[in-house]
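A.B. asks: Dropping in run-v6.cif, which is mmCIF, C-alpha atoms:
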data_upload
loop_
_atom_site.group_PDB
_atom_site.id
_atom_site.type_symbol
_atom_site.label_atom_id
_atom_site.label_comp_id
_atom_site.auth_asym_id
_atom_site.auth_seq_id
_atom_site.Cartn_x
_atom_site.Cartn_y
_atom_site.Cartn_z
ATOM 1 C CA MET A 226 0.495 5.611 25.357
ATOM 2 C CA GLN A 227 -1.619 2.465 25.183
ATOM 3 C CA ASP A 228 -0.147 -0.940 26.109
ATOM 4 C CA GLY A 229 1.711 -2.558 23.241
ATOM 5 C CA LEU A 230 1.743 0.606 21.157
ATOM 6 C CA TYR A 231 5.534 0.737 21.134
ATOM 7 C CA ASP A 232 5.677 -2.785 19.670
ATOM 8 C CA ILE A 233 3.030 -1.960 17.088
ATOM 9 C CA LYS A 234 4.933 1.143 16.014
ATOM 10 C CA LYS A 235 8.190 -0.794 15.730
ATOM 11 C CA GLU A 236 6.580 -3.550 13.676
ATOM 12 C CA ILE A 237 4.688 -1.138 11.457
ATOM 13 C CA THR A 238 7.859 0.818 10.767
ATOM 14 C CA ILE A 239 9.617 -2.290 9.435
ATOM 15 C CA LEU A 240 6.545 -3.207 7.415
ATOM 16 C CA ASP A 241 6.389 0.354 6.119
ATOM 17 C CA ILE A 242 9.989 0.098 4.938
ATOM 18 C CA LEU A 243 9.464 -3.248 3.211
ATOM 19 C CA ASP A 244 6.193 -2.140 1.634
ATOM 20 C CA ARG A 245 7.732 1.059 0.272
ATOM 21 C CA VAL A 246 11.008 -0.364 -0.972
ATOM 22 C CA LEU A 247 9.402 -3.406 -2.608
ATOM 23 C CA THR A 248 6.218 -1.957 -4.070
ATOM 24 C CA LYS A 249 6.800 1.781 -4.502
ATOM 25 C CA GLY A 250 9.408 4.168 -5.869
ATOM 26 C CA VAL A 251 10.634 4.499 -9.428
ATOM 27 C CA VAL A 252 10.376 1.269 -11.425
ATOM 28 C CA ILE A 253 12.717 0.594 -14.310
ATOM 29 C CA THR A 254 10.362 -1.496 -16.416
ATOM 30 C CA GLY A 255 7.048 -2.775 -15.137
ATOM 31 C CA ASP A 256 6.968 -4.940 -12.063
ATOM 32 C CA ILE A 257 10.248 -6.210 -10.739
ATOM 33 C CA VAL A 258 10.374 -9.919 -10.085
ATOM 34 C CA ILE A 259 12.612 -10.660 -7.153
ATOM 35 C CA SER A 260 13.556 -13.989 -5.746
ATOM 36 C CA VAL A 261 14.106 -15.536 -2.359
ATOM 37 C CA ALA A 262 15.926 -18.867 -2.474
ATOM 38 C CA ASP A 263 15.160 -19.121 -6.213
ATOM 39 C CA ILE A 264 11.398 -18.739 -5.703
ATOM 40 C CA ASP A 265 10.094 -15.720 -7.608
ATOM 41 C CA LEU A 266 7.932 -13.379 -5.578
ATOM 42 C CA ILE A 267 5.960 -10.399 -6.728
ATOM 43 C CA TYR A 268 4.525 -7.818 -4.323
ATOM 44 C CA VAL A 269 6.105 -9.659 -1.431
ATOM 45 C CA GLY A 270 5.805 -6.523 0.697
ATOM 46 C CA LEU A 271 2.040 -6.391 0.493
ATOM 47 C CA ARG A 272 1.721 -10.014 1.564
ATOM 48 C CA VAL A 273 4.037 -9.440 4.491
ATOM 49 C CA LEU A 274 1.921 -6.480 5.540
ATOM 50 C CA LEU A 275 -1.339 -8.413 5.339
ATOM 51 C CA SER A 276 -0.201 -11.395 7.328
ATOM 52 C CA SER A 277 1.721 -9.409 9.851
ATOM 53 C CA VAL A 278 -1.062 -7.011 10.786
ATOM 54 C CA GLU A 279 -3.409 -9.930 11.275
ATOM 55 C CA SER A 280 -0.932 -11.774 13.457
ATOM 56 C CA MET A 281 -0.293 -8.565 15.363
ATOM 57 C CA GLU A 282 -3.986 -8.272 16.177
ATOM 58 C CA LYS A 283 -4.061 -11.927 17.281
ATOM 59 C CA MET A 284 -1.096 -11.330 19.575
ATOM 60 C CA ARG A 285 -2.820 -8.332 21.111
ATOM 61 C CA THR A 286 -5.989 -10.366 21.712
ATOM 62 C CA ILE A 287 -4.007 -13.097 23.470
ATOM 63 C CA ASP A 288 -2.302 -10.497 25.681
ATOM 64 C CA MET B 94 29.560 -4.215 -14.937
ATOM 65 C CA PRO B 95 25.944 -4.049 -13.586
ATOM 66 C CA PHE B 96 24.826 -1.156 -11.397
ATOM 67 C CA ILE B 97 22.323 -1.040 -8.538
ATOM 68 C CA LEU B 98 20.276 2.169 -8.696
ATOM 69 C CA TYR B 99 19.268 3.855 -5.448
ATOM 70 C CA ALA B 100 17.992 7.313 -6.315
ATOM 71 C CA ILE B 101 17.412 9.846 -9.071
ATOM 72 C CA ILE B 102 18.380 13.492 -8.658
ATOM 73 C CA ASP B 103 18.542 16.570 -10.889
ATOM 74 C CA ASN B 104 22.015 17.782 -11.812
ATOM 75 C CA ASP B 105 21.391 21.234 -10.302
ATOM 76 C CA GLN B 106 21.482 19.730 -6.802
ATOM 77 C CA ILE B 107 24.833 18.015 -7.336
ATOM 78 C CA LYS B 108 27.710 20.440 -7.103
ATOM 79 C CA GLY B 109 30.853 18.334 -7.390
ATOM 80 C CA THR B 110 31.311 14.994 -5.678
ATOM 81 C CA PRO B 111 29.472 14.667 -2.355
ATOM 82 C CA ALA B 112 32.548 13.246 -0.606
ATOM 83 C CA ASN B 113 31.048 13.278 2.898
ATOM 84 C CA LEU B 114 27.979 11.321 1.837
ATOM 85 C CA ILE B 115 30.043 8.786 -0.113
ATOM 86 C CA HIS B 116 32.403 8.365 2.847
ATOM 87 C CA LEU B 117 29.512 7.933 5.305
ATOM 88 C CA ILE B 118 27.851 5.263 3.167
ATOM 89 C CA SER B 119 31.141 3.481 2.574
ATOM 90 C CA GLU B 120 31.896 3.398 6.316
ATOM 91 C CA LYS B 121 28.439 2.420 7.481
ATOM 92 C CA TYR B 122 27.148 0.138 4.724
ATOM 93 C CA LYS B 123 30.355 -0.964 2.948
ATOM 94 C CA VAL B 124 28.933 0.250 -0.346
ATOM 95 C CA THR B 125 30.909 2.400 -2.772
ATOM 96 C CA LEU B 126 28.378 4.961 -3.923
ATOM 97 C CA GLU B 127 28.886 6.535 -7.329
ATOM 98 C CA ILE B 128 27.055 9.151 -9.354
ATOM 99 C CA ILE B 129 26.309 8.678 -13.045
ATOM 100 C CA SER B 130 25.206 11.921 -14.681
ATOM 101 C CA GLY B 131 23.151 12.365 -17.840
ATOM 102 C CA ASN B 132 22.469 15.728 -19.475
ATOM 103 C CA THR B 133 20.099 16.992 -16.750
ATOM 104 C CA ILE B 134 19.529 14.054 -14.400
ATOM 105 C CA SER B 135 21.889 11.914 -12.318
ATOM 106 C CA ALA B 136 21.591 8.601 -10.508
ATOM 107 C CA PHE B 137 23.123 7.372 -7.255
ATOM 108 C CA VAL B 138 24.419 3.881 -8.036
ATOM 109 C CA SER B 139 26.854 1.236 -6.884
ATOM 110 C CA LYS B 140 28.601 -1.492 -8.848
ATOM 111 C CA THR B 141 27.455 -5.057 -8.341
ATOM 112 C CA SER B 142 28.887 -8.337 -9.550
ATOM 113 C CA SER B 143 25.593 -9.780 -10.795
ATOM 114 C CA SER B 144 22.424 -8.452 -12.384
ATOM 115 C CA LYS B 145 20.429 -11.091 -10.485
ATOM 116 C CA VAL B 146 18.672 -9.627 -7.460
ATOM 117 C CA ASP B 147 18.967 -11.841 -4.410
ATOM 118 C CA THR B 148 16.462 -10.763 -1.838
ATOM 119 C CA SER B 149 16.739 -11.050 1.871
ATOM 120 C CA GLN B 150 15.220 -8.809 4.486
ATOM 121 C CA ASP B 151 18.717 -7.539 5.314
ATOM 122 C CA ASN B 152 19.390 -6.552 1.696
ATOM 123 C CA VAL B 153 16.048 -4.790 1.376
ATOM 124 C CA LEU B 154 16.550 -2.903 4.632
ATOM 125 C CA LYS B 155 20.077 -1.958 3.547
ATOM 126 C CA HIS B 156 18.728 -0.535 0.278
ATOM 127 C CA ALA B 157 16.086 1.408 2.233
ATOM 128 C CA ALA B 158 18.707 2.743 4.645
ATOM 129 C CA LEU B 159 20.957 3.900 1.818
ATOM 130 C CA VAL B 160 18.125 5.711 0.061
ATOM 131 C CA GLU B 161 17.111 7.263 3.352
ATOM 132 C CA VAL B 162 20.638 8.561 4.028
ATOM 133 C CA ILE B 163 20.805 10.098 0.533
ATOM 134 C CA SER B 164 17.371 11.698 1.002
ATOM 135 C CA ARG B 165 18.592 13.476 4.135
ATOM 136 C CA SER B 166 20.955 15.522 1.950
ATOM 137 C CA TYR B 167 18.993 15.870 -1.301
ATOM 138 C CA SER B 168 15.485 15.872 -2.769
ATOM 139 C CA ILE B 169 15.547 12.564 -4.611
ATOM 140 C CA LEU B 170 13.307 10.068 -6.356
ATOM 141 C CA PRO B 171 13.824 6.736 -4.571
ATOM 142 C CA MET B 172 14.289 3.685 -6.754
ATOM 143 C CA ARG B 173 12.385 0.502 -5.966
ATOM 144 C CA TYR B 174 14.474 -2.362 -4.600
ATOM 145 C CA GLY B 175 15.792 -4.536 -7.390
ATOM 146 C CA SER B 176 16.590 -1.709 -9.829
ATOM 147 C CA VAL B 177 19.664 -3.078 -11.569
ATOM 148 C CA LEU B 178 20.979 -2.123 -15.008
ATOM 149 C CA THR B 179 23.706 -4.044 -16.744
ATOM 150 C CA SER B 180 25.998 -1.184 -17.829
ATOM 151 C CA GLN B 181 26.762 2.524 -17.487
ATOM 152 C CA GLU B 182 25.356 3.037 -20.995
ATOM 153 C CA GLU B 183 22.005 1.603 -19.886
ATOM 154 C CA VAL B 184 21.936 3.932 -16.882
ATOM 155 C CA LEU B 185 22.666 6.943 -19.109
ATOM 156 C CA PHE B 186 19.978 5.844 -21.576
ATOM 157 C CA LEU B 187 17.451 5.579 -18.718
ATOM 158 C CA LEU B 188 18.350 9.030 -17.373
ATOM 159 C CA ASP B 189 18.187 10.858 -20.690
ATOM 160 C CA LYS B 190 15.165 9.019 -22.074
ATOM 161 C CA ASN B 191 13.090 9.757 -18.939
ATOM 162 C CA ALA B 192 14.583 13.141 -18.074
ATOM 163 C CA ALA B 193 11.343 15.089 -18.591
ATOM 164 C CA ALA B 194 9.299 12.748 -16.372
ATOM 165 C CA PHE B 195 11.990 12.757 -13.695
ATOM 166 C CA GLN B 196 12.241 16.569 -13.752
ATOM 167 C CA HIS B 197 8.464 16.889 -13.470
ATOM 168 C CA VAL B 198 8.182 14.662 -10.404
ATOM 169 C CA LEU B 199 11.337 16.089 -8.822
ATOM 170 C CA GLY B 200 9.665 19.507 -9.054
ATOM 171 C CA GLN B 201 6.651 18.171 -7.161
ATOM 172 C CA ILE B 202 8.632 16.597 -4.320
ATOM 173 C CA TYR B 203 11.319 19.256 -3.902
ATOM 174 C CA HIS B 204 11.966 19.865 -0.173
ATOM 175 C CA LYS B 205 9.026 17.674 0.778
ATOM 176 C CA GLU B 206 8.752 14.615 2.994
ATOM 177 C CA GLU B 207 6.395 11.663 3.048
ATOM 178 C CA TYR B 208 4.587 10.466 6.170
ATOM 179 C CA SER B 209 2.108 7.677 6.900
ATOM 180 C CA VAL B 210 -0.852 8.241 9.174
ATOM 181 C CA ARG B 211 -2.794 5.222 10.373
ATOM 182 C CA VAL B 212 -5.651 4.721 12.766
ATOM 183 C CA LEU B 213 -5.969 1.176 14.050
ATOM 184 C CA PHE B 214 -8.796 -0.477 15.920
ATOM 185 C CA SER B 215 -7.585 -1.568 19.309
ATOM 186 C CA SER B 216 -8.414 -5.205 20.078
ATOM 187 C CA SER B 217 -10.517 -4.181 23.102
ATOM 188 C CA HIS B 218 -12.627 -1.942 20.873
ATOM 189 C CA ASN B 219 -13.183 -4.853 18.485
ATOM 190 C CA HIS B 220 -14.543 -6.963 21.327
ATOM 191 C CA GLU B 221 -16.841 -4.196 22.535
ATOM 192 C CA ASP B 222 -18.085 -3.619 19.024
ATOM 193 C CA LYS B 223 -18.874 -7.296 18.514
ATOM 194 C CA ARG B 224 -20.566 -7.655 21.903
ATOM 195 C CA GLU B 225 -22.621 -4.533 21.336
ATOM 196 C CA ASN B 226 -23.751 -5.710 17.932
ATOM 197 C CA SER B 227 -24.445 -9.330 18.812
ATOM 198 C CA ASP B 228 -27.207 -8.178 21.147
ATOM 199 C CA THR B 229 -29.302 -6.529 18.475
ATOM 200 C CA PRO B 230 -32.592 -5.364 20.049
ATOM 201 C CA GLU B 231 -35.630 -7.310 18.807
ATOM 202 C CA GLU B 232 -37.427 -4.169 17.618
ATOM 203 C CA SER B 233 -34.536 -3.183 15.303
ATOM 204 C CA ILE B 234 -34.592 -6.531 13.483
ATOM 205 C CA PRO B 235 -36.628 -6.390 10.254
ATOM 206 C CA LEU B 236 -40.045 -8.091 10.474
ATOM 207 C CA VAL B 237 -39.073 -10.676 7.901
ATOM 208 C CA LEU B 238 -36.394 -12.003 10.312
ATOM 209 C CA GLN B 239 -38.655 -12.149 13.347
ATOM 210 C CA GLY B 240 -40.802 -15.135 14.285
ATOM 211 C CA ASN B 241 -39.940 -18.781 13.687
ATOM 212 C CA THR B 242 -38.901 -19.183 10.081
ATOM 213 C CA ALA B 243 -36.875 -22.282 9.224
ATOM 214 C CA ASN B 244 -33.698 -20.337 8.503
ATOM 215 C CA LYS B 245 -34.118 -17.741 11.247
ATOM 216 C CA ASN B 246 -30.747 -18.269 12.940
ATOM 217 C CA TYR B 247 -28.842 -18.247 9.696
ATOM 218 C CA LEU B 248 -30.602 -15.115 8.469
ATOM 219 C CA LEU B 249 -30.224 -13.357 11.815
ATOM 220 C CA LYS B 250 -26.498 -14.033 11.831
ATOM 221 C CA LYS B 251 -26.160 -12.699 8.297
ATOM 222 C CA TYR B 252 -28.166 -9.635 9.258
ATOM 223 C CA GLN B 253 -26.058 -8.996 12.342
ATOM 224 C CA ASN B 254 -22.805 -9.366 10.383
ATOM 225 C CA HIS B 255 -24.154 -6.981 7.792
ATOM 226 C CA THR B 256 -25.066 -4.337 10.384
ATOM 227 C CA ILE B 257 -21.670 -4.686 12.081
ATOM 228 C CA GLU B 258 -19.900 -4.152 8.755
ATOM 229 C CA GLU B 259 -22.183 -1.255 7.880
ATOM 230 C CA ARG B 260 -21.479 0.466 11.180
ATOM 231 C CA ARG B 261 -17.757 -0.203 10.902
ATOM 232 C CA LYS B 262 -17.668 1.322 7.430
ATOM 233 C CA LYS B 263 -19.625 4.401 8.513
ATOM 234 C CA TYR B 264 -17.329 4.845 11.511
ATOM 235 C CA SER B 265 -14.260 4.447 9.298
ATOM 236 C CA ASP B 266 -15.658 7.038 6.864
ATOM 237 C CA ASP B 267 -16.184 9.468 9.750
ATOM 238 C CA VAL B 268 -12.541 9.058 10.851
ATOM 239 C CA LYS B 269 -11.409 9.494 7.248
ATOM 240 C CA ASN B 270 -13.446 12.707 6.901
ATOM 241 C CA VAL B 271 -11.955 14.174 10.080
ATOM 242 C CA PHE B 272 -8.477 13.452 8.732
ATOM 243 C CA THR B 273 -9.045 14.765 5.196
ATOM 244 C CA ASP B 274 -10.691 17.968 6.453
ATOM 245 C CA ASP B 275 -7.551 18.752 8.433
ATOM 246 C CA ILE B 276 -4.912 17.500 6.016
ATOM 247 C CA GLN B 277 -6.338 19.487 3.095
ATOM 248 C CA LYS B 278 -5.354 22.643 4.966
ATOM 249 C CA LEU B 279 -1.765 21.396 4.968
ATOM 250 C CA THR B 280 -1.251 19.780 1.561
ATOM 251 C CA SER B 281 -3.051 18.681 -1.568
ATOM 252 C CA CYS B 282 -0.677 15.701 -1.901
ATOM 253 C CA TYR B 283 -2.209 12.909 0.126
ATOM 254 C CA GLU B 284 -3.738 9.533 -0.522
ATOM 255 C CA VAL B 285 -6.174 7.635 1.649
ATOM 256 C CA LYS B 286 -5.553 4.012 0.810
ATOM 257 C CA LYS B 287 -8.041 1.174 0.887
ATOM 258 C CA PRO B 288 -7.340 -0.513 4.235
ATOM 259 C CA HIS B 289 -5.528 -3.862 3.949
ATOM 260 C CA THR B 290 -7.542 -5.398 6.767
ATOM 261 C CA ALA B 291 -10.468 -4.519 9.031
ATOM 262 C CA ALA B 292 -7.884 -3.595 11.680
ATOM 263 C CA PHE B 293 -7.314 -0.299 9.854
ATOM 264 C CA LEU B 294 -9.745 2.558 10.275
ATOM 265 C CA LEU B 295 -7.520 4.850 8.253
ATOM 266 C CA ASP B 296 -4.413 4.217 6.153
ATOM 267 C CA ALA B 297 -3.070 7.371 4.530
ATOM 268 C CA VAL B 298 0.144 8.773 3.087
ATOM 269 C CA VAL B 299 0.858 12.483 2.853
ATOM 270 C CA LEU B 300 3.551 14.595 1.226
ATOM 271 C CA ILE B 301 4.247 17.831 3.072
ATOM 272 C CA ASP B 302 6.792 20.632 3.023
ATOM 273 C CA SER B 303 9.624 19.736 5.388
ATOM 274 C CA HIS B 304 8.928 22.771 7.593
ATOM 275 C CA LYS B 305 5.268 21.753 8.108
ATOM 276 C CA LYS B 306 6.109 18.662 10.133
ATOM 277 C CA ASN B 307 4.871 20.182 13.407
ATOM 278 C CA GLU B 308 1.505 21.017 11.861
ATOM 279 C CA LEU B 309 1.124 17.387 10.807
ATOM 280 C CA ILE B 310 2.007 16.253 14.324
ATOM 281 C CA ASP B 311 -0.706 18.606 15.639
ATOM 282 C CA ILE B 312 -3.263 16.880 13.412
ATOM 283 C CA VAL B 313 -2.174 13.451 14.644
ATOM 284 C CA VAL B 314 -2.270 14.549 18.291
ATOM 285 C CA LYS B 315 -5.738 16.011 17.756
ATOM 286 C CA MET B 316 -6.961 12.755 16.203
ATOM 287 C CA GLN B 317 -5.535 10.697 19.058
ATOM 288 C CA ALA B 318 -7.380 12.968 21.503
ATOM 289 C CA MET B 319 -10.614 12.555 19.519
ATOM 290 C CA TYR B 320 -10.227 8.773 19.345
ATOM 291 C CA PRO B 321 -8.443 7.728 22.560
ATOM 292 C CA GLN B 322 -9.794 4.193 22.140
ATOM 293 C CA HIS B 323 -7.751 3.705 18.948
ATOM 294 C CA ASN B 324 -4.063 3.750 18.073
ATOM 295 C CA VAL B 325 -3.180 6.723 15.866
ATOM 296 C CA ILE B 326 0.250 6.076 14.368
ATOM 297 C CA LEU B 327 2.476 8.488 12.465
ATOM 298 C CA THR B 328 5.577 7.170 10.693
ATOM 299 C CA GLY B 329 8.168 9.135 8.725
ATOM 300 C CA PRO B 330 9.737 11.151 7.340
ATOM 301 C CA TRP B 331 10.179 8.823 4.389
ATOM 302 C CA PRO B 332 11.748 9.483 1.016
ATOM 303 C CA PRO B 333 8.771 10.140 -1.300
ATOM 304 C CA TYR B 334 8.252 6.505 -2.348
ATOM 305 C CA SER B 335 4.468 6.834 -2.584
ATOM 306 C CA PHE B 336 4.572 9.951 -4.754
ATOM 307 C CA THR B 337 7.043 8.893 -7.416
ATOM 308 C CA ASN B 338 4.847 6.738 -9.544
ATOM 309 C CA ILE B 339 7.041 6.560 -12.649
ATOM 310 C CA LYS B 340 7.370 3.571 -14.905
ATOM 311 C CA THR B 341 10.393 4.358 -16.969
ATOM 312 C CA GLN B 342 10.883 3.706 -20.675
#
In structure tokens, write the structure found in this file.

C.D. replies:
Amino acid sequence: MQDGLYDIKKEITILDILDRVLTKGVVITGDIVISVADIDLIYVGLRVLLSSVESMEKMRTID
Amino acid sequence: MPFILYAIIDNDQIKGTPANLIHLISEKYKVTLEIISGNTISAFVSKTSSSKVDTSQDNVLKHAALVEVISRSYSILPMRYGSVLTSQEEVLFLLDKNAAAFQHVLGQIYHKEEYSVRVLFSSSHNHEDKRENSDTPEESIPLVLQGNTANKNYLLKKYQNHTIEERRKKYSDDVKNVFTDDIQKLTSCYEVKKPHTAAFLLDAVVLIDSHKKNELIDIVVKMQAMYPQHNVILTGPWPPYSFTNIKTQ
């Protein structure tokens, strides 16, 4: 196993969960608007995934 | 009283009340799971005090965990987080109105599991790739970019970036072809997604029969052996979130 692979797997698994539960599965009507602290967010999972993978790569470069 | 919806299931799979499952979820997640049944389709739900969906990572992960626990016992269609209906009548209307679509997709995912397969560039490979490409041999540079034109440096940089991207795309396509050649022998239900960032060489989801898990692992192990410089990552089994693309009426 390559260095840091365990951490990558762990992080990707959480991102996988968030991405699936927030952007996939059966939808009742159209896109669901959800809110965090009264700020409406759409496709929050995808944004989390984008930023997190980039930061993950940065962390690996620093290491 | 509003209801949170977790999963859709066909009535044939539910024989009586699944007391063990309800007890497990009550103990572990402090949620009282209920089943609302239409004519042919049922829904796993729980009562909630408000139809407003307050999102926190904990709530989302709890929803995911609940769906996952249900999917261990039944073939279900997972509901997206935030699926709340304001009354039992609304739930019944949803189930009966969309029964045909639910039955169709349930038939496709019966006794199947979803997995993700990803191939990631390692950071060391990125550096090697950039170093290799920044030293483009003079003879491979087009004539128009050689010599002392006013914009030579700018054009050279653009050319080098273009060749790096071209090579990266070709390499990514090669990895994708290796994967699809193998996975097609296992299932016709797979999707190779457009990578979110350049860090991904491959980002795919597959739906396979539960008993074919070891064959999928063989494919992943083979790919890791072929590409030891990259991280090949398999996650799952997941409830079939990526293969239940239903927008209900």

A.B. asks: I'd like the contact shell of segment 178-194 of chain B - 9 Å cut-off, only C-alpha atoms, skipping same-chain residues fewer than 6 positions apart - returned as a list in words.

C.D. replies: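 The residues satisfying every condition are Ile253 of chain A; Met94, Pro95, Phe96, Ile97, Leu98, Ile101, Asp103, Ile129, Ser130, Gly131, Asn132, Thr133, Ile134, Ser135, Ala136, Ser143, Ser144, Ile339, Thr341 and Gln342 of chain B.
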
A.B. asks: To one decimal place, how far is atom CA of Gln253 of chain B from atom CA of Asp266 of chain B in Å?

C.D. replies: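 That distance, rounded to one decimal, is 19.9 Å.
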
A.B. asks: Using the chain letters and numbers from the file, which residues does the PyMOL selection byres ((chain B and resi 282-286) around 7) grab, as a ChimeraX atom specification?

C.D. replies: /B:280-281,287-288,296-300

A.B. asks: So how many Å separate atom CA of Val210 of chain B and atom CA of Gly329 of chain B, to one decimal?

C.D. replies: 9.1 Å

A.B. asks: Between atom CA of Ile107 of chain B and atom CA of His204 of chain B, what is the distance, to one decimal in Å?

C.D. replies: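 That distance, rounded to one decimal, is 14.8 Å.
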